[in-house]
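Dropping run-v4.csv in here (CSV, C-alpha atoms):
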```csv
chain,number,residue,atom,x,y,z
A,224,MET,CA,-12.9,133.3,16.6
A,225,ALA,CA,-15.4,136.2,16.7
A,226,LYS,CA,-14.5,137.1,13.2
A,227,ASP,CA,-16.2,133.9,12.0
A,228,PHE,CA,-19.5,134.7,13.5
A,229,ASP,CA,-22.4,135.8,11.3
A,230,PRO,CA,-23.3,139.5,12.0
A,231,SER,CA,-26.9,138.5,12.1
A,232,GLY,CA,-26.3,136.6,15.3
A,233,ARG,CA,-26.9,133.1,13.9
A,234,VAL,CA,-24.8,130.3,15.4
A,235,PRO,CA,-22.2,129.1,12.8
A,236,ASP,CA,-23.1,125.9,11.0
A,237,TYR,CA,-20.2,123.9,12.5
A,238,PHE,CA,-21.7,124.3,16.0
A,239,VAL,CA,-25.1,122.9,15.0
A,240,ASN,CA,-23.8,120.2,12.5
A,241,ALA,CA,-20.8,118.8,14.4
A,242,GLY,CA,-20.3,116.1,11.7
A,243,THR,CA,-18.2,113.9,14.0
A,244,SER,CA,-18.8,111.9,17.2
A,245,SER,CA,-15.4,113.0,18.5
A,246,PHE,CA,-15.5,116.2,20.4
A,247,THR,CA,-11.6,116.4,20.2
A,248,GLN,CA,-11.8,116.2,16.4
A,249,PHE,CA,-14.5,118.9,16.4
A,250,LEU,CA,-12.3,121.1,18.6
A,251,THR,CA,-9.3,120.5,16.4
A,252,HIS,CA,-11.3,121.9,13.4
A,253,VAL,CA,-13.0,124.8,15.2
A,254,SER,CA,-10.5,126.0,17.9
A,255,PRO,CA,-7.3,123.9,18.0
A,256,GLU,CA,-5.7,126.3,20.4
A,257,LEU,CA,-8.1,125.2,23.1
A,258,LEU,CA,-6.6,121.6,23.1
A,259,PRO,CA,-4.1,121.1,26.0
A,260,GLY,CA,-1.3,119.9,23.6
A,261,ARG,CA,-1.7,122.6,21.0
A,262,ARG,CA,-0.8,125.7,22.9
A,263,PRO,CA,2.6,127.3,22.1
A,264,LEU,CA,5.2,126.9,24.8
A,265,PRO,CA,8.4,128.9,25.5
A,266,PRO,CA,11.6,127.1,24.6
A,267,GLY,CA,13.3,125.0,27.3
A,268,LEU,CA,12.0,122.7,30.0
A,269,SER,CA,8.9,123.8,32.0
A,270,ALA,CA,8.6,120.9,34.5
A,271,ASP,CA,9.3,123.0,37.6
A,272,ILE,CA,6.8,125.7,36.9
A,273,ALA,CA,3.6,123.8,37.6
A,274,PRO,CA,2.4,121.4,40.4
A,275,HIS,CA,2.6,117.7,39.8
A,276,GLY,CA,0.1,115.1,40.9
A,277,THR,CA,1.6,111.8,42.1
A,278,THR,CA,0.3,108.3,42.9
A,279,ILE,CA,-2.8,106.5,41.5
A,280,VAL,CA,-3.7,102.8,42.0
A,281,ALA,CA,-6.3,100.7,40.3
A,282,ILE,CA,-7.5,97.2,41.2
A,283,ALA,CA,-9.8,94.8,39.4
A,284,THR,CA,-12.4,93.2,41.6
A,285,ALA,CA,-15.1,90.6,41.2
A,286,GLU,CA,-17.7,93.3,40.7
A,287,GLY,CA,-15.6,95.8,38.6
A,288,VAL,CA,-12.7,98.1,39.5
A,289,VAL,CA,-11.5,100.3,42.4
A,290,MET,CA,-9.3,103.3,41.8
A,291,ALA,CA,-7.6,105.5,44.5
A,292,GLY,CA,-5.3,108.5,44.5
A,293,ASP,CA,-3.4,110.3,47.1
A,294,ARG,CA,-4.1,114.0,47.7
A,295,ARG,CA,-0.7,115.6,47.3
A,296,ALA,CA,0.7,117.8,44.5
A,297,THR,CA,4.3,118.9,44.5
A,298,MET,CA,6.3,121.6,42.9
A,299,GLY,CA,10.0,120.7,43.1
A,300,ASN,CA,10.8,120.0,46.7
A,301,LEU,CA,7.7,121.9,47.9
A,302,ILE,CA,4.1,120.7,48.6
A,303,ALA,CA,1.9,122.7,46.2
A,304,SER,CA,-1.4,121.2,47.5
A,305,ARG,CA,-2.4,118.8,50.2
A,306,ASP,CA,-5.9,118.1,49.0
A,307,ILE,CA,-5.9,117.9,45.2
A,308,GLU,CA,-8.3,115.4,43.7
A,309,LYS,CA,-6.8,113.2,40.9
A,310,VAL,CA,-9.4,110.4,40.5
A,311,HIS,CA,-12.7,111.2,38.8
A,312,PRO,CA,-15.5,109.4,37.0
A,313,ALA,CA,-15.0,109.4,33.2
A,314,ASP,CA,-18.6,108.4,32.5
A,315,SER,CA,-21.2,106.2,34.2
A,316,TYR,CA,-19.1,103.1,34.2
A,317,SER,CA,-15.4,104.2,34.1
A,318,LEU,CA,-12.8,106.1,36.1
A,319,ILE,CA,-9.8,108.1,35.2
A,320,GLY,CA,-6.8,109.1,37.4
A,321,ILE,CA,-4.1,111.5,36.5
A,322,ALA,CA,-0.4,111.7,37.3
A,323,GLY,CA,2.0,114.3,36.0
A,324,THR,CA,1.5,118.1,35.4
A,325,ALA,CA,-1.6,118.7,37.5
A,326,GLY,CA,-3.2,121.6,35.5
A,327,ILE,CA,-2.9,119.8,32.1
A,328,GLY,CA,-3.9,116.6,33.6
A,329,ILE,CA,-7.2,118.0,35.1
A,330,GLU,CA,-7.9,119.7,31.7
A,331,LEU,CA,-7.3,116.5,29.8
A,332,MET,CA,-9.5,114.6,32.2
A,333,ARG,CA,-12.4,117.1,31.7
A,334,LEU,CA,-11.9,117.0,28.0
A,335,PHE,CA,-12.1,113.2,28.1
A,336,GLN,CA,-15.4,113.4,30.0
A,337,VAL,CA,-16.8,115.7,27.4
A,338,GLU,CA,-15.5,113.4,24.7
A,339,LEU,CA,-17.4,110.5,26.0
A,340,GLU,CA,-20.6,112.5,26.6
A,341,HIS,CA,-20.4,114.0,23.1
A,342,TYR,CA,-20.0,110.6,21.5
A,343,GLU,CA,-23.0,109.2,23.4
A,344,LYS,CA,-25.2,112.2,22.4
A,345,ILE,CA,-24.2,112.0,18.7
A,346,GLU,CA,-24.3,108.2,18.3
A,347,GLY,CA,-27.0,107.4,20.8
A,348,THR,CA,-24.9,104.7,22.4
A,349,MET,CA,-22.0,104.4,24.7
A,350,LEU,CA,-18.4,103.7,23.5
A,351,SER,CA,-17.1,100.3,24.4
A,352,THR,CA,-14.4,100.1,27.1
A,353,ASP,CA,-11.8,99.5,24.4
A,354,GLY,CA,-13.1,102.5,22.4
A,355,LYS,CA,-12.9,104.7,25.5
A,356,ALA,CA,-9.3,103.7,26.1
A,357,ASN,CA,-8.3,104.3,22.5
A,358,ARG,CA,-9.9,107.8,22.6
A,359,LEU,CA,-7.9,108.6,25.7
A,360,ALA,CA,-4.7,107.3,24.1
A,361,GLY,CA,-5.2,109.7,21.2
A,362,MET,CA,-5.6,112.6,23.5
A,363,VAL,CA,-2.4,111.7,25.4
A,364,ARG,CA,-0.6,111.5,22.1
A,365,GLY,CA,-1.7,115.0,21.3
A,366,ASN,CA,0.1,116.3,24.4
A,367,LEU,CA,3.5,114.8,23.3
A,368,GLY,CA,5.0,118.2,22.4
A,369,ALA,CA,4.3,119.6,25.9
A,370,ALA,CA,5.5,116.3,27.4
A,371,MET,CA,8.9,116.7,25.7
A,372,GLN,CA,9.2,120.0,27.4
A,373,GLY,CA,8.5,118.6,30.8
A,374,LEU,CA,4.7,119.0,31.0
A,375,ALA,CA,3.9,115.3,30.8
A,376,VAL,CA,0.6,113.8,31.8
A,377,VAL,CA,0.1,110.1,32.2
A,378,PRO,CA,-3.5,108.8,33.0
A,379,LEU,CA,-4.7,105.6,34.4
A,380,PHE,CA,-8.1,104.4,33.0
A,381,ALA,CA,-10.3,101.7,34.5
A,382,GLY,CA,-13.9,100.7,34.1
A,383,TYR,CA,-16.7,98.1,34.3
A,384,ASP,CA,-17.0,96.4,30.9
A,385,LEU,CA,-20.7,96.1,29.9
A,386,SER,CA,-19.8,93.5,27.2
A,387,PRO,CA,-16.8,91.5,28.5
A,388,ALA,CA,-15.2,88.8,26.4
A,389,ASP,CA,-14.8,86.9,29.7
A,390,PRO,CA,-17.8,87.3,32.1
A,391,ALA,CA,-15.4,86.7,35.0
A,392,LYS,CA,-13.3,89.7,34.1
A,393,VAL,CA,-15.7,92.7,34.1
A,394,GLY,CA,-13.1,95.1,35.6
A,395,ARG,CA,-10.5,96.3,33.1
A,396,ILE,CA,-7.5,98.6,33.6
A,397,PHE,CA,-5.5,100.5,31.0
A,398,SER,CA,-2.2,102.3,31.4
A,399,PHE,CA,-0.5,104.7,28.9
A,400,ASP,CA,2.9,106.2,28.2
A,401,VAL,CA,3.6,109.8,27.3
A,402,ALA,CA,3.5,109.0,23.5
A,403,GLY,CA,0.0,107.6,23.7
A,404,GLY,CA,0.9,104.0,24.0
A,405,LEU,CA,-1.9,101.9,25.3
A,406,TYR,CA,-1.5,98.8,27.5
A,407,GLU,CA,-4.1,96.7,29.2
A,408,GLU,CA,-3.1,95.6,32.7
A,409,THR,CA,-4.0,92.4,34.5
A,410,GLY,CA,-5.4,92.6,38.0
A,411,TYR,CA,-3.9,95.9,39.2
A,412,ASP,CA,-1.6,98.8,38.3
A,413,ALA,CA,-0.2,102.1,39.6
A,414,ILE,CA,1.2,105.3,38.1
A,415,GLY,CA,3.0,108.3,39.4
A,416,SER,CA,6.2,108.8,41.5
A,417,GLY,CA,5.1,106.4,44.2
A,418,SER,CA,3.9,103.7,41.8
A,419,LEU,CA,7.0,101.5,42.3
A,420,PHE,CA,6.2,101.1,46.0
A,421,ALA,CA,2.4,100.9,45.5
A,422,LYS,CA,2.8,98.1,43.0
A,423,SER,CA,5.1,96.2,45.3
A,424,ALA,CA,2.4,96.4,48.0
A,425,LEU,CA,-0.3,95.3,45.5
A,426,LYS,CA,1.9,92.5,44.2
A,427,LYS,CA,2.1,90.9,47.7
A,428,LYS,CA,-1.6,91.1,48.6
A,429,TYR,CA,-3.6,91.1,45.4
A,430,ARG,CA,-5.7,88.1,44.7
A,431,ALA,CA,-8.0,87.6,41.7
A,432,GLY,CA,-11.7,87.9,42.7
A,433,LEU,CA,-11.3,90.4,45.5
A,434,SER,CA,-14.5,92.0,46.7
A,435,THR,CA,-14.9,95.8,46.3
A,436,ASP,CA,-14.5,96.3,50.1
A,437,ASP,CA,-11.3,94.3,50.2
A,438,ALA,CA,-9.9,96.2,47.2
A,439,VAL,CA,-10.7,99.5,48.8
A,440,ARG,CA,-8.6,98.5,51.9
A,441,LEU,CA,-5.8,97.2,49.7
A,442,ALA,CA,-5.7,100.4,47.6
A,443,VAL,CA,-5.4,102.6,50.8
A,444,GLU,CA,-2.7,100.3,52.1
A,445,ALA,CA,-0.8,100.6,48.8
A,446,LEU,CA,-1.0,104.4,48.9
A,447,TYR,CA,0.2,104.3,52.5
A,448,ASP,CA,3.3,102.2,51.4
A,449,ALA,CA,3.9,104.6,48.6
A,450,ALA,CA,3.8,107.6,50.9
A,451,ASP,CA,6.2,105.8,53.3
A,452,ASP,CA,9.0,105.8,50.7
A,453,ASP,CA,8.1,108.5,48.2
A,454,THR,CA,8.1,112.1,49.5
A,455,ALA,CA,5.8,113.3,46.6
A,456,THR,CA,3.0,111.0,47.8
A,457,GLY,CA,0.8,112.0,50.6
A,458,GLY,CA,-0.4,109.5,53.2
A,459,PRO,CA,-3.6,109.7,55.2
A,460,ASP,CA,-3.5,113.0,57.2
A,461,LEU,CA,-5.4,112.3,60.4
A,462,THR,CA,-4.8,115.8,61.7
A,463,ARG,CA,-6.3,117.7,58.8
A,464,LYS,CA,-8.8,114.9,57.9
A,465,ILE,CA,-7.4,114.5,54.4
A,466,PHE,CA,-7.7,111.0,53.0
A,467,PRO,CA,-7.3,109.4,49.6
A,468,VAL,CA,-10.0,109.8,47.0
A,469,VAL,CA,-11.3,106.2,46.4
A,470,MET,CA,-13.9,105.3,43.7
A,471,SER,CA,-15.4,102.1,42.3
A,472,ALA,CA,-17.0,101.3,39.0
A,473,THR,CA,-19.5,98.3,39.0
A,474,ALA,CA,-22.7,97.3,37.2
A,475,ASN,CA,-24.4,99.9,39.4
A,476,GLY,CA,-22.3,102.7,38.0
A,477,THR,CA,-19.5,104.7,39.6
A,478,HIS,CA,-19.4,105.5,43.4
A,479,ARG,CA,-17.1,107.7,45.4
A,480,LEU,CA,-16.5,106.6,49.0
A,481,THR,CA,-18.0,109.2,51.4
A,482,GLU,CA,-15.9,111.1,53.9
A,483,ALA,CA,-17.1,108.8,56.7
A,484,GLU,CA,-16.4,105.6,54.6
A,485,ILE,CA,-12.9,106.5,53.6
A,486,THR,CA,-12.1,107.9,57.1
A,487,ALA,CA,-13.0,104.6,58.6
A,488,VAL,CA,-10.8,102.6,56.2
A,489,ALA,CA,-7.9,105.0,56.5
A,490,GLU,CA,-8.0,104.9,60.3
A,491,GLN,CA,-8.0,101.1,60.3
A,492,VAL,CA,-5.0,101.1,58.0
A,493,VAL,CA,-3.1,103.6,60.2
A,494,ALA,CA,-4.1,101.7,63.4
A,495,GLY,CA,-2.7,98.5,61.8
A,496,ARG,CA,0.6,100.2,61.0
A,497,MET,CA,0.9,101.4,64.6
A,498,GLU,CA,1.1,97.7,65.6
A,499,ASN,CA,3.1,96.6,62.5
A,500,PRO,CA,4.8,99.5,60.7
A,501,GLY,CA,6.1,97.3,57.9
A,502,GLY,CA,2.6,96.2,56.9
```
Show me the file's structure as structure tokens.
Amino acid sequence: MAKDFDPSGRVPDYFVNAGTSSFTQFLTHVSPELLPGRRPLPPGLSADIAPHGTTIVAIATAEGVVMAGDRRATMGNLIASRDIEKVHPADSYSLIGIAGTAGIGIELMRLFQVELEHYEKIEGTMLSTDGKANRLAGMVRGNLGAAMQGLAVVPLFAGYDLSPADPAKVGRIFSFDVAGGLYEETGYDAIGSGSLFAKSALKKKYRAGLSTDDAVRLAVEALYDAADDDTATGGPDLTRKIFPVVMSATANGTHRLTEAEITAVAEQVVAGRMENPGG
């Protein structure tokens, strides 16, 4: 891209006059090779060459949403990382969790964060919750070529809706497929290799109107159940002090549970399973 720069040292016009509120569209015009789904890949499947992140759960609460993710990444039958972080704030009122190819997922998440920040700076206002979900769906769709070669990324998006159609449902959850399909979920959802077991746990114990504290406990229990039956999902590691990343999004913004807070919850869950292993 250096050949496009003015020898005088002036910044090119397209950097000072973006012309679009979408950072992804701007990058598509200026440097499309920097987008995760636009890089050339060698022929054949590439699924086993990169670590994969696994289970993420999201729960709607009376105050907003709670999202939690285990800390394990796998590469085939090996544990690639024991303490990867797969749940992050997307902006001040929303959260994103990533399952699938870890490297591409983290890059997609960071690009989404910039996308929302760029829109807010250009337009002077925040995207609606539906608008955020639609932007993320387009970014997932852009990775379809890589997904067809085994480098799939599937996000889970949840947030506190500042302008809800129903004031009783301020917490909203959206899931996606590898082709960018967008689906709003009711109450709770889970993605990743352990999602079947996590959703089974959530299905039994979820109730509408849960408090944030109750949802945090339920999310950790769901991840525990997922780790119990899915080898790619990591449960609470009391020896290494590695516990799930748990975040909430409410009217007060996003909040990540501190080490002390999540340790206390995880130890309660483990202690309960010592008495009743089946939950």
Revision key, fill the gap. The distance between atom CA of Asn475 of chain A and atom CA of Glu286 of chain A is 9.5 Å
Review point. Can you list, as a PyMOL selection string, every protein, DNA or RNA residue that comes within 8 Å of Phe380 of chain A when you count all atoms listed in the file, leaving out same-chain residues fewer than 3 positions away?
Key: chain A and resi 317-320+356+396-398
Excluding segment 326-328 of chain A and residues on its chain fewer than 3 positions from it, collect all residues at most 7 Å away from it, counting only C-alpha atoms, and give them as a PDB file with C-alpha atoms, in the coordinates of the input.
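Ended up saving to around.pdb:
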```pdb
ATOM      1  CA  PRO A 259      -4.100 121.100  26.000  1.00  0.00           C
ATOM      2  CA  ILE A 321      -4.100 111.500  36.500  1.00  0.00           C
ATOM      3  CA  GLY A 323       2.000 114.300  36.000  1.00  0.00           C
ATOM      4  CA  LEU A 331      -7.300 116.500  29.800  1.00  0.00           C
ATOM      5  CA  MET A 332      -9.500 114.600  32.200  1.00  0.00           C
ATOM      6  CA  VAL A 376       0.600 113.800  31.800  1.00  0.00           C
TER       7      VAL A 376
END
```
Point to revise | Contacts of segment 381-389 of chain A within 6 Å, all atoms listed in the file, excl. fewer than 2 positions in-chain, as a ChimeraX atom specification | key: /A:287,316-318,352,391-396,472-473
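The gap separating atom CA of Leu359 of chain A from atom CA of Gln336 of chain A is 9.9 Å, in Å to one decimal.
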Review point. Looking at only C-alpha atoms, which of A:Thr243, A:Ala370, A:Val280, A:Thr454 is the one that sits closest to Lys344 of chain A?
Key: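 Of A:Thr243, A:Ala370, A:Val280, A:Thr454, the one nearest Lys344 of chain A, counting only C-alpha atoms, is A:Thr243.
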Rows by chain and residue number, segment 398-475 of chain A within 9 Å of segment 306-315 of chain A, shortest pair, all atoms listed in the file, as JSON lines:
```
{"residue": "A:Ile465", "atom": "CA", "partner": "A:Asp306", "partner_atom": "CA", "distance": 6.7}
{"residue": "A:Phe466", "atom": "CA", "partner": "A:Asp306", "partner_atom": "CA", "distance": 8.3}
{"residue": "A:Pro467", "atom": "CA", "partner": "A:Glu308", "partner_atom": "CA", "distance": 8.5}
{"residue": "A:Val468", "atom": "CA", "partner": "A:Val310", "partner_atom": "CA", "distance": 6.6}
{"residue": "A:Val469", "atom": "CA", "partner": "A:Val310", "partner_atom": "CA", "distance": 7.5}
{"residue": "A:Met470", "atom": "CA", "partner": "A:Val310", "partner_atom": "CA", "distance": 7.5}
{"residue": "A:Ala472", "atom": "CA", "partner": "A:Ser315", "partner_atom": "CA", "distance": 8.0}
{"residue": "A:Asn475", "atom": "CA", "partner": "A:Ser315", "partner_atom": "CA", "distance": 8.8}
```
**Study point:** Nearest candidate to Asp437 of chain A (options A:Ser351, A:Arg479, A:Val488, A:Gly495; using all atoms listed in the file)
**Key:**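 Of A:Ser351, A:Arg479, A:Val488, A:Gly495, the one nearest Asp437 of chain A, counting all atoms listed in the file, is A:Val488.
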Exercise for review: Using only C-alpha atoms, give me every residue within 8 Å of (0.5, 106.2, 20.2) in file coordinates, as a list in words.
Suggested key: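 Here is the list of nearby residues: Ala360, Gly361, Arg364, Ala402, Gly403, Gly404 and Leu405 of chain A.
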Residues from last step as file, C-alpha atoms, as a short mmCIF file (atom, residue, chain, number, x, y, z; two decimals), in the frame of the given file:
```cif
data_model
loop_
_atom_site.label_atom_id
_atom_site.label_comp_id
_atom_site.auth_asym_id
_atom_site.auth_seq_id
_atom_site.Cartn_x
_atom_site.Cartn_y
_atom_site.Cartn_z
CA ALA A 360 -4.70 107.30 24.10
CA GLY A 361 -5.20 109.70 21.20
CA ARG A 364 -0.60 111.50 22.10
CA ALA A 402 3.50 109.00 23.50
CA GLY A 403 0.00 107.60 23.70
CA GLY A 404 0.90 104.00 24.00
CA LEU A 405 -1.90 101.90 25.30
#
```
Practice item. State, in Å with one decimal place, the distance from atom CA of Leu301 of chain A to atom CA of Ala375 of chain A. Key: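 Between atom CA of Leu301 of chain A and atom CA of Ala375 of chain A the gap is 18.7 Å.
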Exercise for review: Mind listing whatever residues come within 12 Å of the point (2.5, 93.6, 45.6)? Use all atoms listed in the file, file coordinates, and give them as a list in words.
Suggested key: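 Residues lying no farther than 12 Å from the given point: Val280, Ile282, Gly410, Tyr411, Asp412, Ala413, Ser418, Leu419, Phe420, Ala421, Lys422, Ser423, Ala424, Leu425, Lys426, Lys427, Lys428, Tyr429, Arg430, Leu441, Ala442, Glu444, Ala445, Leu446, Asp448, Ala449 and Gly502 of chain A.
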Review point. Using only C-alpha atoms, which of the listed residues (A:Gly368, A:Pro500, A:Gly347, A:Pro459) sits closest to Ala487 of chain A?
Key: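 Closest candidate: A:Pro459.
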Exercise for review: For Glu490 of chain A, work out the shell of residues within 12 Å, counting all atoms listed in the file and skipping chain neighbours fewer than 4 positions away, then give it as number ranges by chain.
Suggested key: A: 440, 443-444, 447, 458-462, 464-467, 482-486, 494-497
Practice item. Find, counting all atoms listed in the file, the residue in A:Ser245, A:Gly417, A:Thr277, A:Ala303 that gets nearest to Leu334 of chain A. Key: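 Among A:Ser245, A:Gly417, A:Thr277, A:Ala303, it is A:Ser245 that comes nearest to Leu334 of chain A.
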